[in-house]
Structure formats: structure tokens, C-alpha cells
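> Dropping a structure here in C-alpha cells format, bear with me for questions.
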Amino acid sequence: MLYSVFMLALRSVQRNMLRSFLTILGIVIGVSAVITMVTLGNGATESINNQITSLGTNLLMVMPGQRNSGGGGGVPRFTQADALSVQSQIGGVAAVAPQGRATLSVVGNGRNWITSVTGSTNDWFDVGNWKVVPGGRIFTPDEQRAGAAVCLIGETVRREIFGGTLGQTGLGEMLRIKQFSCVVIGVLVAKGQGGMGDQDDTVVLPLETLQRRVTGSRHVDMLMVSMKDGADSKPLKAALTQLLRERRKLAEGDNDNFTIFDTQQLAETLASTMGVLTSLLGAVAAVSLLVGGIGIMNIMLVSVTERTREIGLRLAIGALEREVLLQFLIESVVLSALGGLVGIAIATVASYLIARVMDVPYAFDPMINVLSFIFSAAIGMVFGYFPARRAARMDPIEALRHE
């Protein structure tokens, strides 16, 4: 019986293909909008997490100045001695990399390029999850102590100075920075765009080299502190804060003149914020599903009115009320479920294309696709019940008289 009722409903949908398509259009738009919004939101969240992870895992970034002050106002910077103290006096610290930075024009191979010149120790590569392209190397201890004229370059600098193909490695070439030239001893594996711009647009020097030949200062701009796996960041940050306050001679009532950024907490905060925004966008898009449901109810009421004689004839020859109700209810569910399937197909294609345009990962979520389909079918059941009940409760005699 259920099969025959389903086939009757399907034939009714096929009889009016254009009207059926227009009826489910609201459902199609609603389902595709919800899935697209959630998929893109998940992709954006994944992209943010990847960018933060690329900065380094279990990483604390310590910068002079308070968060809202931008580090200005004559706030004292850090020194390499601060980094050594953090490394030796705080438990749970895996490595500390003091970092100095300057934006300069570099010249090589007859070309010039404005880039970020970073000075640090070999710990910088471990702390920041940097790898070196095979064939290159990091600094030797002697090069670090002596402030040797050697450097590593990012993929963007390699491309802009030494050519656009990977065959032009730039290894062994000379690169002029300010008033001195350095030998390129390595190329960093590309990371791409990050939260602070193009991570590959950089030249890395030994810290001593940067201080002696570029900045002329013994100060550094940032301490990058890598925590050991399993270390609790809260007590570690408290100990780090206390140590730096002592070294910077801050009185008990003085505010900190430095800021500690926890990349893990930053990732969690951003992921939570993106999750809320994704849910909000999905909820807004879901409103169109309700509009689609109202459209289905409207068309089903029209269909019941058009088929009054058919309904009366079925009831007169012995069809039960529940069979008539089931017929129209299944017809409504078939319409909405068909709209759900079309919406899923459109959303899959649209999400993939938009994700590529936005340069974010395509994060397919099977759960939201299944839930959208179930919700669309439920919309058909809910909004189709009233027209189906109206058809089932018709008086057969009055229905047969209907013109």
C-alpha cells in the first residue's frame, strides 16, 4: 500500500514539472545556502588554524609594550640576556629564540626587493617550525658567535631575486643587505600567507650579524618561547611574567610593559569566534527553508483544490482517510526531499568553487549535508500536513459535486 501511495505522489509531481520545480526552489536555495555558509565557515576556521600553527606550536610570543599601546612610548626592548634567563630559569621551556627585525631593500642577481630581514639564533628555526630546502643548511655555532655574513632566504625572496623557477635555488649566491653582502646558505621551505602577511618574504641572518651590521643595537624586538609538549601554559606564563618583571625592574604596582601572546589560545579564540559566526550565518540562511516550506504548503493547498473530484472519487470507492492523507503528505515530502538533494548538489559545487576563489580549504562536512537533507524532508512533512489533512477530511459527496 505504501508503495502504491508513493507512486501516486511521484506521478503527481511529474505531471506538473515546472510548478514542482518552482515549488521546491525555496528549499533548494535554503539548503544550498546553509551548506555553503557552514562549509566556507569551516574552511576559513581551518585556514586560520593552519596559519597560526605555521607560526609555531606551543608558542609564546613576548613583545615589548602593552597590547593596546603598540609597543611605542620608549618602552625598553629585550636583550639576548633576557632570552638566556628565560631558557635557564623557567621550567617547561623547550627553546627561546630572540628575534630582531628590520625592513630593508636587498640586492642580488641584478634585482632588488624590499623584504623583512630577521636576525635570530638557530632556535628560531625550531620554534617557528621552519624547514630548510635540501641542499641548504642553518648557521654553524662559529657563524653565530662571529656574526658571519651568511643568510637564509624565504621562497618569495628566492623567486623575486634569483628567478621564478625552483631550479634557480640561489644557494651560494651573494645577496647585498644595506652596506654588506652575505652568502645564501639555505632556502626556507615555503609556508605561504600567514596572519602577519607573506611568511616567505624574509631573509634570516645570525642575530649578531643583524645587530652589528644592520641595526647597530644589542636589543631584540621579540622573544619567541616554545613550550615543551604537555607543558601547562598558565603557570609557565605566570613564571615568565614574574621573571621579566624582575629583569625589567618593575615595582609591584607597575603595569607590565610587555605583552605575552599565546598562539594556542589565539587559535582557540579565533576558532570559537568563527564557529559562532558560521552558526549565525547558517541560521540566517535556514530562514529561507521556512519560506520554502510555506511555498510548499501554498502549492499543496492549490493542488488539493484542483484535485477535489479526484479525492472525492477515491473516498467514494473505498479509500480510507489515512490513505488520502498519506498520499498528499508523501507528495509534499517528495517535493521537499527532492529540493534538498538538488540543494546539496548545488552547494557542493558552489562551496568548492568559492573556497578556491577565497583561497581557503574545502572542508566537506557530511553531518551538515545529512542534517540539511533531513531538515528539508521534515519541512515538507510539517508544512504538508495541513493540506493533506484537509484533503483527507473532505466529504466525498460534496467533493464529487465540485466543478
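A note on labels: chains of the C-alpha cells are A, B, ... as shown, every chain counts residues from 1, and ligands are counted from 1 in their shown order.
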May I have a table of the residues of region 188-231 of chain A lying at most 9 Å from region 76-90 of chain A, giving each one's closest pair of atoms and their distance in Å to one decimal, counting only C-alpha atoms, ordered by chain and ascending residue number, as a tab-separated table?


```
residue	atom	partner	partner_atom	distance
A:Arg218	CA	A:Thr79	CA	6.5
A:His219	CA	A:Thr79	CA	4.8
A:Val220	CA	A:Phe78	CA	5.3
A:Asp221	CA	A:Arg77	CA	6.2
A:Met222	CA	A:Phe78	CA	7.0
A:Leu223	CA	A:Ala83	CA	6.7
A:Met224	CA	A:Ala83	CA	8.7
A:Val225	CA	A:Val86	CA	8.4
```

> What does the file look like for those residues with N, CA and C atoms, as a compact mmCIF listing (two decimals), in the first residue's frame?


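What landed in part09.txt:
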```txt
# COMPACT_ATOMS: atom_id res chain seq x y z
N ARG A 218 72.07 46.27 20.44
CA ARG A 218 72.10 44.94 21.06
C ARG A 218 70.71 44.48 21.47
N HIS A 219 69.71 45.29 21.22
CA HIS A 219 68.36 44.93 21.62
C HIS A 219 67.68 44.04 20.58
N VAL A 220 66.66 43.32 21.03
CA VAL A 220 65.86 42.49 20.12
C VAL A 220 64.39 42.91 20.26
N ASP A 221 63.61 42.62 19.23
CA ASP A 221 62.22 43.08 19.18
C ASP A 221 61.23 42.09 19.79
N MET A 222 61.63 40.83 19.90
CA MET A 222 60.68 39.82 20.35
C MET A 222 61.42 38.62 20.91
N LEU A 223 60.79 37.96 21.90
CA LEU A 223 61.26 36.67 22.39
C LEU A 223 60.23 35.62 22.01
N MET A 224 60.66 34.63 21.27
CA MET A 224 59.77 33.54 20.88
C MET A 224 60.08 32.34 21.78
N VAL A 225 59.13 32.00 22.63
CA VAL A 225 59.32 30.96 23.65
C VAL A 225 58.50 29.74 23.27
```

> If we count only C-alpha atoms, what is near Ile344 (chain A) at a cut-off of 7 Å, once residues fewer than 4 positions away on the same chain are taken out, given as a ChimeraX atom specification?

/A:31-32,340,348,369

> Could the residues in this selection be written to a file with C-alpha atoms, as a PDB file, in the first residue's frame?


```
ATOM      1  CA  VAL A  31      19.632  24.014   1.711  1.00  0.00           C
ATOM      2  CA  SER A  32      22.377  25.224  -0.626  1.00  0.00           C
ATOM      3  CA  GLY A 340      17.111  19.043  -0.531  1.00  0.00           C
ATOM      4  CA  THR A 348      28.840  21.098  -3.134  1.00  0.00           C
ATOM      5  CA  ASN A 369      24.716  17.712   4.463  1.00  0.00           C
TER       6      ASN A 369
END
```

> Show me, as a ChimeraX atom specification, the residues that have an atom within 10 Å of Thr36 (chain A) when counting only C-alpha atoms, minus same-chain residues fewer than 4 positions from it.

/A:30-32,40-42,281-282,285,343-344,346-352,354-355,364,368-369

> Could you name the residues that touch Ala44 (chain A) at 8 Å or less, counting only C-alpha atoms, but leaving out those on the same chain fewer than 3 positions away, as a VMD selection string?

chain A and resid 40 to 41 47 to 48 274 360 to 361

> Kindly export the residues of the current selection with N, CA and C atoms, as an mmCIF file, in the first residue's frame.


```cif
data_model
loop_
_atom_site.group_PDB
_atom_site.id
_atom_site.type_symbol
_atom_site.label_atom_id
_atom_site.label_comp_id
_atom_site.auth_asym_id
_atom_site.auth_seq_id
_atom_site.Cartn_x
_atom_site.Cartn_y
_atom_site.Cartn_z
ATOM 1 N N LEU A 40 32.060 26.931 4.022
ATOM 2 C CA LEU A 40 33.045 28.012 3.906
ATOM 3 C C LEU A 40 33.515 28.470 5.277
ATOM 4 N N GLY A 41 32.600 28.504 6.248
ATOM 5 C CA GLY A 41 32.999 28.863 7.610
ATOM 6 C C GLY A 41 33.991 27.878 8.193
ATOM 7 N N SER A 47 41.684 27.331 7.842
ATOM 8 C CA SER A 47 42.758 28.164 7.299
ATOM 9 C C SER A 47 43.421 28.988 8.397
ATOM 10 N N ILE A 48 42.608 29.551 9.302
ATOM 11 C CA ILE A 48 43.162 30.339 10.414
ATOM 12 C C ILE A 48 44.019 29.459 11.311
ATOM 13 N N MET A 274 34.901 32.139 14.906
ATOM 14 C CA MET A 274 34.466 31.710 13.575
ATOM 15 C C MET A 274 33.313 30.724 13.671
ATOM 16 N N VAL A 360 40.756 29.251 0.622
ATOM 17 C CA VAL A 360 40.630 28.551 1.899
ATOM 18 C C VAL A 360 40.395 27.077 1.595
ATOM 19 N N PRO A 361 40.701 26.171 2.538
ATOM 20 C CA PRO A 361 40.482 24.742 2.289
ATOM 21 C C PRO A 361 38.997 24.435 2.083
#
```

> Need the shell around Arg322 (chain A): protein/DNA/RNA residues with any atom at most 10 Å away, counting only C-alpha atoms. Skip same-chain ones fewer than 5 positions apart. Format as an MDAnalysis selection string?

chainID A and resid 327 388:389 392:393

> Tell me, which residues of region 207-320 of chain A carry DSSP strand (DSSP E or B), written as a PDB file with C-alpha atoms, in the first residue's frame?


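And here is the file that came out, states-v1.pdb:
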```pdb
ATOM      1  CA  HIS A 219      68.359  44.928  21.620  1.00  0.00           C
ATOM      2  CA  VAL A 220      65.859  42.488  20.120  1.00  0.00           C
ATOM      3  CA  MET A 222      60.678  39.821  20.345  1.00  0.00           C
ATOM      4  CA  LEU A 223      61.261  36.672  22.388  1.00  0.00           C
ATOM      5  CA  MET A 224      59.767  33.537  20.881  1.00  0.00           C
ATOM      6  CA  VAL A 225      59.322  30.961  23.647  1.00  0.00           C
ATOM      7  CA  SER A 226      58.497  27.371  22.718  1.00  0.00           C
ATOM      8  CA  MET A 227      56.911  25.234  25.441  1.00  0.00           C
ATOM      9  CA  PHE A 258      55.452  43.772  27.752  1.00  0.00           C
ATOM     10  CA  THR A 259      52.798  41.502  26.245  1.00  0.00           C
ATOM     11  CA  ILE A 260      52.695  37.708  26.028  1.00  0.00           C
ATOM     12  CA  PHE A 261      50.743  36.211  23.131  1.00  0.00           C
ATOM     13  CA  ASP A 262      49.809  32.527  23.385  1.00  0.00           C
TER      14      ASP A 262
END
```

> Enumerate the residues of region 121-326 of chain A with a DSSP assignment of helix (DSSP H, G or I), computed from the backbone, and present them as a PyMOL selection string.

chain A and resi 123-127+141-146+155-162+207-215+233-247+263-306+308-316+321-326

> Mind checking which residues fall within 8 Å of region 331-336 of chain A, counting only C-alpha atoms, ignoring those fewer than 6 positions away in the same chain, and posting them as a list in words?

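So, after excluding close chain neighbours, the residues are Phe6, Ala9, Leu10, Ser12, Val13, Ser20, Thr23, Ile24, Ile27, Gly293, Ile296, Met300, Ser376, Ala377, Ala378, Ile379, Gly380, Met381, Phe383 and Gly384 of chain A.
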
> Which residues, written as a count of residues only, have at least one atom at most 6 Å from Leu301 (chain A), with only C-alpha atoms counted and residues fewer than 3 positions away on the same chain left out?

3

> Just how far from CA of Thr118 (chain A) is CA of Glu246 (chain A), in Å to one decimal?

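Between these atoms lies a distance of 27.6 Å.
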